[in-house]
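S.K.: Pasting a structure below so you can have a look.
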Amino acid sequence: MRVAIVSTGGTIDMVPGPSGFRIDESDPAPGRPPEGAVPSGYETEQFRLFALPSPHMTPSRMAELCRFLGGLAASGRFDGIVVTHGTDTLEESAFLADISLGCSCPVVFTAAMRSSSELGVDGPRNLRGAILTATCPEFRNFGVAVVLNDEIHAAGRVTKTYTSNVSSFASPGYGPLGFVDEDRVFLVNRPCWRLELPPGELSLDERVGLVRTAAGLGARELRFCRESGDRAVVLEAFGRGNVPPDVADEVGESVRHGMLVAVVSRCYVGRVLGVYGYPGGGSDLASRGAMLAGDMHGHKLRLFLMAALGAGLDREAVSALLERL
Ligand code: ASP
């Protein structure tokens, strides 16, 4: 089995420094897998694309990563591709790859919650699990996955739930696709549908805002997005998709200005739906032209809208894709 390992940085590549963990710039063999991480009989080829803490990943770097992965997949040289990444924005990079790659070479993201110098280091085991998953014959057409702590998660569902614990990555409300048990991979749930972009070159329109509501908050922030020239905004509403009345007025104003307003919930599990008709309720927002975007997480939906607008999709095409959620 031949596996490409693409490193981008993150704790998995970090060492202690005078003021805290940092990427090891002096590593003579950057991205080389640690002892025991590569199962016997496997060959790996390392590519260091970035050496960044993941809060330094930007949408354009994520798009560059996706294009790089597309090139590796198209080369036909690998049975699977593993990406190592910082945990903070891993779910965004993995999601962008999931909606844009549309290729048959399996791609798995992994990371570490602890650096190589810490007690109970998790990186080597996570890397091994990711390699095994990416090359598992049954793991075809599952989309991009994220493997940490012996669990396999769908990129569209997974989220970092805990700041420091090795069991941080979870798919709340859905559970993992499967798990890794020593040298075996067990897939127990197949995603029946995934959000995907139409085939084509990935290009992002970054004029997409993200606004989270809180009691009495949101209208000023939405107005800021509109006045800054955003073409779309994701609104993280309360519960089933409800907002304060002044936020609803601002939603209407944004739609009148030609912006696409997509509503998700600030709850981290569950769908939005127009079940409330009061001013600011989900049904009111829909009647003012907002799109209700199911169970998406706001930060992932933002990337989807960037890619959809970058691909030239119009309002109807975006709405048709979101209707499936
Ligand atoms: N802050 C680090 C990063 O995302 C955390 C990690 O990698 O786990 O780069």
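FYI, nothing fancy with the structure tokens labels: chains A, B, ... in order, residues from 1 per chain, ligands from 1 as they appear.
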Name all residues at most 12 Å from A:Ala4 (count only C-alpha atoms; drop same-chain ones fewer than 5 positions away) and give them as a PyMOL selection string.

M.R.: chain A and resi 31-33+38+42-49+68-69+71-73+75-84+105-109+127+130-131+134-135

S.K.: How would the residues just picked look written out with N, CA and C atoms as an mmCIF file, in the first residue's frame?

M.R.:
```cif
data_model
loop_
_atom_site.group_PDB
_atom_site.id
_atom_site.type_symbol
_atom_site.label_atom_id
_atom_site.label_comp_id
_atom_site.auth_asym_id
_atom_site.auth_seq_id
_atom_site.Cartn_x
_atom_site.Cartn_y
_atom_site.Cartn_z
ATOM 1 N N GLY A 31 7.671 16.344 8.476
ATOM 2 C CA GLY A 31 6.551 15.504 8.068
ATOM 3 C C GLY A 31 6.840 14.019 8.105
ATOM 4 N N ARG A 32 8.085 13.650 8.516
ATOM 5 C CA ARG A 32 8.399 12.215 8.552
ATOM 6 C C ARG A 32 7.553 11.557 9.642
ATOM 7 N N PRO A 33 6.893 10.438 9.327
ATOM 8 C CA PRO A 33 6.018 9.836 10.332
ATOM 9 C C PRO A 33 6.817 9.317 11.535
ATOM 10 N N VAL A 38 3.548 4.037 10.904
ATOM 11 C CA VAL A 38 3.260 3.455 9.586
ATOM 12 C C VAL A 38 3.171 1.935 9.724
ATOM 13 N N TYR A 42 3.645 -0.915 4.472
ATOM 14 C CA TYR A 42 3.156 0.312 3.833
ATOM 15 C C TYR A 42 4.334 1.182 3.427
ATOM 16 N N GLU A 43 4.173 1.846 2.308
ATOM 17 C CA GLU A 43 5.169 2.846 1.891
ATOM 18 C C GLU A 43 4.512 4.210 1.972
ATOM 19 N N THR A 44 5.248 5.188 2.492
ATOM 20 C CA THR A 44 4.662 6.533 2.537
ATOM 21 C C THR A 44 5.554 7.527 1.803
ATOM 22 N N GLU A 45 4.921 8.537 1.278
ATOM 23 C CA GLU A 45 5.670 9.652 0.693
ATOM 24 C C GLU A 45 5.173 10.925 1.380
ATOM 25 N N GLN A 46 6.127 11.731 1.870
ATOM 26 C CA GLN A 46 5.751 12.910 2.649
ATOM 27 C C GLN A 46 5.755 14.174 1.804
ATOM 28 N N PHE A 47 4.773 15.013 2.036
ATOM 29 C CA PHE A 47 4.713 16.329 1.385
ATOM 30 C C PHE A 47 4.438 17.350 2.474
ATOM 31 N N ARG A 48 5.345 18.299 2.662
ATOM 32 C CA ARG A 48 5.033 19.357 3.638
ATOM 33 C C ARG A 48 4.512 20.566 2.873
ATOM 34 N N LEU A 49 3.200 20.749 2.909
ATOM 35 C CA LEU A 49 2.595 21.851 2.155
ATOM 36 C C LEU A 49 2.678 23.154 2.942
ATOM 37 N N PHE A 68 -4.117 20.867 -4.075
ATOM 38 C CA PHE A 68 -2.945 19.982 -3.973
ATOM 39 C C PHE A 68 -3.414 18.520 -3.821
ATOM 40 N N LEU A 69 -4.422 18.309 -2.980
ATOM 41 C CA LEU A 69 -4.939 16.944 -2.779
ATOM 42 C C LEU A 69 -5.539 16.404 -4.075
ATOM 43 N N GLY A 71 -4.594 17.114 -7.040
ATOM 44 C CA GLY A 71 -3.470 16.741 -7.913
ATOM 45 C C GLY A 71 -2.882 15.399 -7.506
ATOM 46 N N LEU A 72 -2.711 15.183 -6.215
ATOM 47 C CA LEU A 72 -2.163 13.897 -5.749
ATOM 48 C C LEU A 72 -3.107 12.754 -6.121
ATOM 49 N N ALA A 73 -4.408 12.999 -5.912
ATOM 50 C CA ALA A 73 -5.391 11.945 -6.216
ATOM 51 C C ALA A 73 -5.353 11.613 -7.708
ATOM 52 N N SER A 75 -2.957 11.853 -9.703
ATOM 53 C CA SER A 75 -1.704 11.228 -10.160
ATOM 54 C C SER A 75 -1.838 9.703 -10.201
ATOM 55 N N GLY A 76 -2.788 9.163 -9.449
ATOM 56 C CA GLY A 76 -3.002 7.710 -9.445
ATOM 57 C C GLY A 76 -1.882 6.941 -8.763
ATOM 58 N N ARG A 77 -0.987 7.652 -8.064
ATOM 59 C CA ARG A 77 0.178 6.977 -7.459
ATOM 60 C C ARG A 77 -0.106 6.443 -6.058
ATOM 61 N N PHE A 78 -1.246 6.817 -5.491
ATOM 62 C CA PHE A 78 -1.469 6.480 -4.080
ATOM 63 C C PHE A 78 -2.768 5.698 -3.862
ATOM 64 N N ASP A 79 -2.710 4.798 -2.869
ATOM 65 C CA ASP A 79 -3.924 4.074 -2.481
ATOM 66 C C ASP A 79 -4.771 4.915 -1.533
ATOM 67 N N GLY A 80 -4.127 5.876 -0.889
ATOM 68 C CA GLY A 80 -4.862 6.741 0.025
ATOM 69 C C GLY A 80 -4.027 7.965 0.345
ATOM 70 N N ILE A 81 -4.695 9.014 0.818
ATOM 71 C CA ILE A 81 -4.006 10.259 1.170
ATOM 72 C C ILE A 81 -4.379 10.616 2.605
ATOM 73 N N VAL A 82 -3.357 10.945 3.403
ATOM 74 C CA VAL A 82 -3.595 11.366 4.784
ATOM 75 C C VAL A 82 -3.084 12.797 4.932
ATOM 76 N N VAL A 83 -3.889 13.632 5.560
ATOM 77 C CA VAL A 83 -3.486 15.025 5.795
ATOM 78 C C VAL A 83 -3.332 15.228 7.293
ATOM 79 N N THR A 84 -2.191 15.760 7.731
ATOM 80 C CA THR A 84 -2.054 16.123 9.138
ATOM 81 C C THR A 84 -2.252 17.633 9.253
ATOM 82 N N CYS A 105 -9.855 8.720 -4.823
ATOM 83 C CA CYS A 105 -8.745 8.361 -3.930
ATOM 84 C C CYS A 105 -9.127 8.801 -2.509
ATOM 85 N N PRO A 106 -9.174 7.871 -1.562
ATOM 86 C CA PRO A 106 -9.650 8.231 -0.221
ATOM 87 C C PRO A 106 -8.735 9.249 0.461
ATOM 88 N N VAL A 107 -9.353 10.200 1.141
ATOM 89 C CA VAL A 107 -8.618 11.249 1.858
ATOM 90 C C VAL A 107 -9.070 11.243 3.319
ATOM 91 N N VAL A 108 -8.092 11.194 4.228
ATOM 92 C CA VAL A 108 -8.391 11.180 5.661
ATOM 93 C C VAL A 108 -7.539 12.242 6.347
ATOM 94 N N PHE A 109 -8.175 13.053 7.177
ATOM 95 C CA PHE A 109 -7.443 14.063 7.955
ATOM 96 C C PHE A 109 -7.193 13.519 9.359
ATOM 97 N N LEU A 127 -2.154 9.000 13.487
ATOM 98 C CA LEU A 127 -1.637 8.897 12.119
ATOM 99 C C LEU A 127 -1.795 7.466 11.607
ATOM 100 N N ALA A 130 -5.324 6.825 10.747
ATOM 101 C CA ALA A 130 -5.705 7.515 9.506
ATOM 102 C C ALA A 130 -5.188 6.752 8.288
ATOM 103 N N ILE A 131 -3.952 6.239 8.387
ATOM 104 C CA ILE A 131 -3.375 5.472 7.254
ATOM 105 C C ILE A 131 -4.208 4.203 7.022
ATOM 106 N N ALA A 134 -7.570 5.215 5.427
ATOM 107 C CA ALA A 134 -7.478 5.676 4.036
ATOM 108 C C ALA A 134 -7.236 4.520 3.072
ATOM 109 N N THR A 135 -6.678 3.435 3.568
ATOM 110 C CA THR A 135 -6.370 2.313 2.678
ATOM 111 C C THR A 135 -7.307 1.123 2.889
#
```

S.K.: From a backbone DSSP assignment, name each residue in stretch 12-109 of chain A labelled alpha helix (DSSP H), as a count of residues only.

M.R.: 28

S.K.: When you draw a straight line from atom CA of A:Leu195 to atom CA of A:Thr133, how long is it in Å?

M.R.: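 Result for atom CA of A:Leu195 versus atom CA of A:Thr133: 21.5 Å, one decimal.
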
S.K.: For ligand 1, which of A:Ile152, A:Val166, A:Leu322, A:Val233 is the closest residue, counting only C-alpha atoms and all ligand atoms?

M.R.: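 Checking each of A:Ile152, A:Val166, A:Leu322, A:Val233 against ligand 1, counting only C-alpha atoms and all ligand atoms, the winner is A:Val166.
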
S.K.: Can you list every residue of chain A that has an atom at most 9 Å from ligand 1, with its nearest atom pair and the distance in Å to one decimal, using only C-alpha atoms and all ligand atoms, ordered by chain then number, as a Markdown table?

M.R.:
```
| residue | atom | partner | partner_atom_place_in_ligand_line | distance |
| --- | --- | --- | --- | --- |
| A:Gly9 | CA | ligand 1 | 9 (O) | 6.5 |
| A:Gly10 | CA | ligand 1 | 9 (O) | 3.4 |
| A:Thr11 | CA | ligand 1 | 7 (O) | 3.7 |
| A:Ile12 | CA | ligand 1 | 7 (O) | 6.2 |
| A:Asp13 | CA | ligand 1 | 7 (O) | 8.1 |
| A:Met14 | CA | ligand 1 | 7 (O) | 8.2 |
| A:Phe21 | CA | ligand 1 | 2 (C) | 8.8 |
| A:Arg22 | CA | ligand 1 | 9 (O) | 8.9 |
| A:Ile23 | CA | ligand 1 | 9 (O) | 8.9 |
| A:Leu52 | CA | ligand 1 | 9 (O) | 6.7 |
| A:Pro53 | CA | ligand 1 | 9 (O) | 3.4 |
| A:Ser54 | CA | ligand 1 | 9 (O) | 3.8 |
| A:Pro55 | CA | ligand 1 | 4 (O) | 5.8 |
| A:His56 | CA | ligand 1 | 9 (O) | 7.9 |
| A:Met57 | CA | ligand 1 | 9 (O) | 8.8 |
| A:His85 | CA | ligand 1 | 7 (O) | 6.5 |
| A:Gly86 | CA | ligand 1 | 7 (O) | 3.1 |
| A:Thr87 | CA | ligand 1 | 8 (O) | 3.9 |
| A:Asp88 | CA | ligand 1 | 4 (O) | 3.8 |
| A:Thr89 | CA | ligand 1 | 4 (O) | 6.1 |
| A:Leu90 | CA | ligand 1 | 4 (O) | 7.3 |
| A:Ala111 | CA | ligand 1 | 7 (O) | 6.4 |
| A:Ala112 | CA | ligand 1 | 8 (O) | 5.4 |
| A:Met113 | CA | ligand 1 | 8 (O) | 4.5 |
| A:Arg114 | CA | ligand 1 | 8 (O) | 6.8 |
| A:Ser115 | CA | ligand 1 | 8 (O) | 8.0 |
| A:Thr163 | CA | ligand 1 | 5 (C) | 8.7 |
| A:Ser164 | CA | ligand 1 | 8 (O) | 8.2 |
```

S.K.: May I have the residues within 12 Å of A:Val255 as number ranges by chain, using only C-alpha atoms and disregarding those fewer than 2 positions away in the same chain?

M.R.: A: 222-223, 226, 230-233, 248-253, 257-262, 285-291, 315
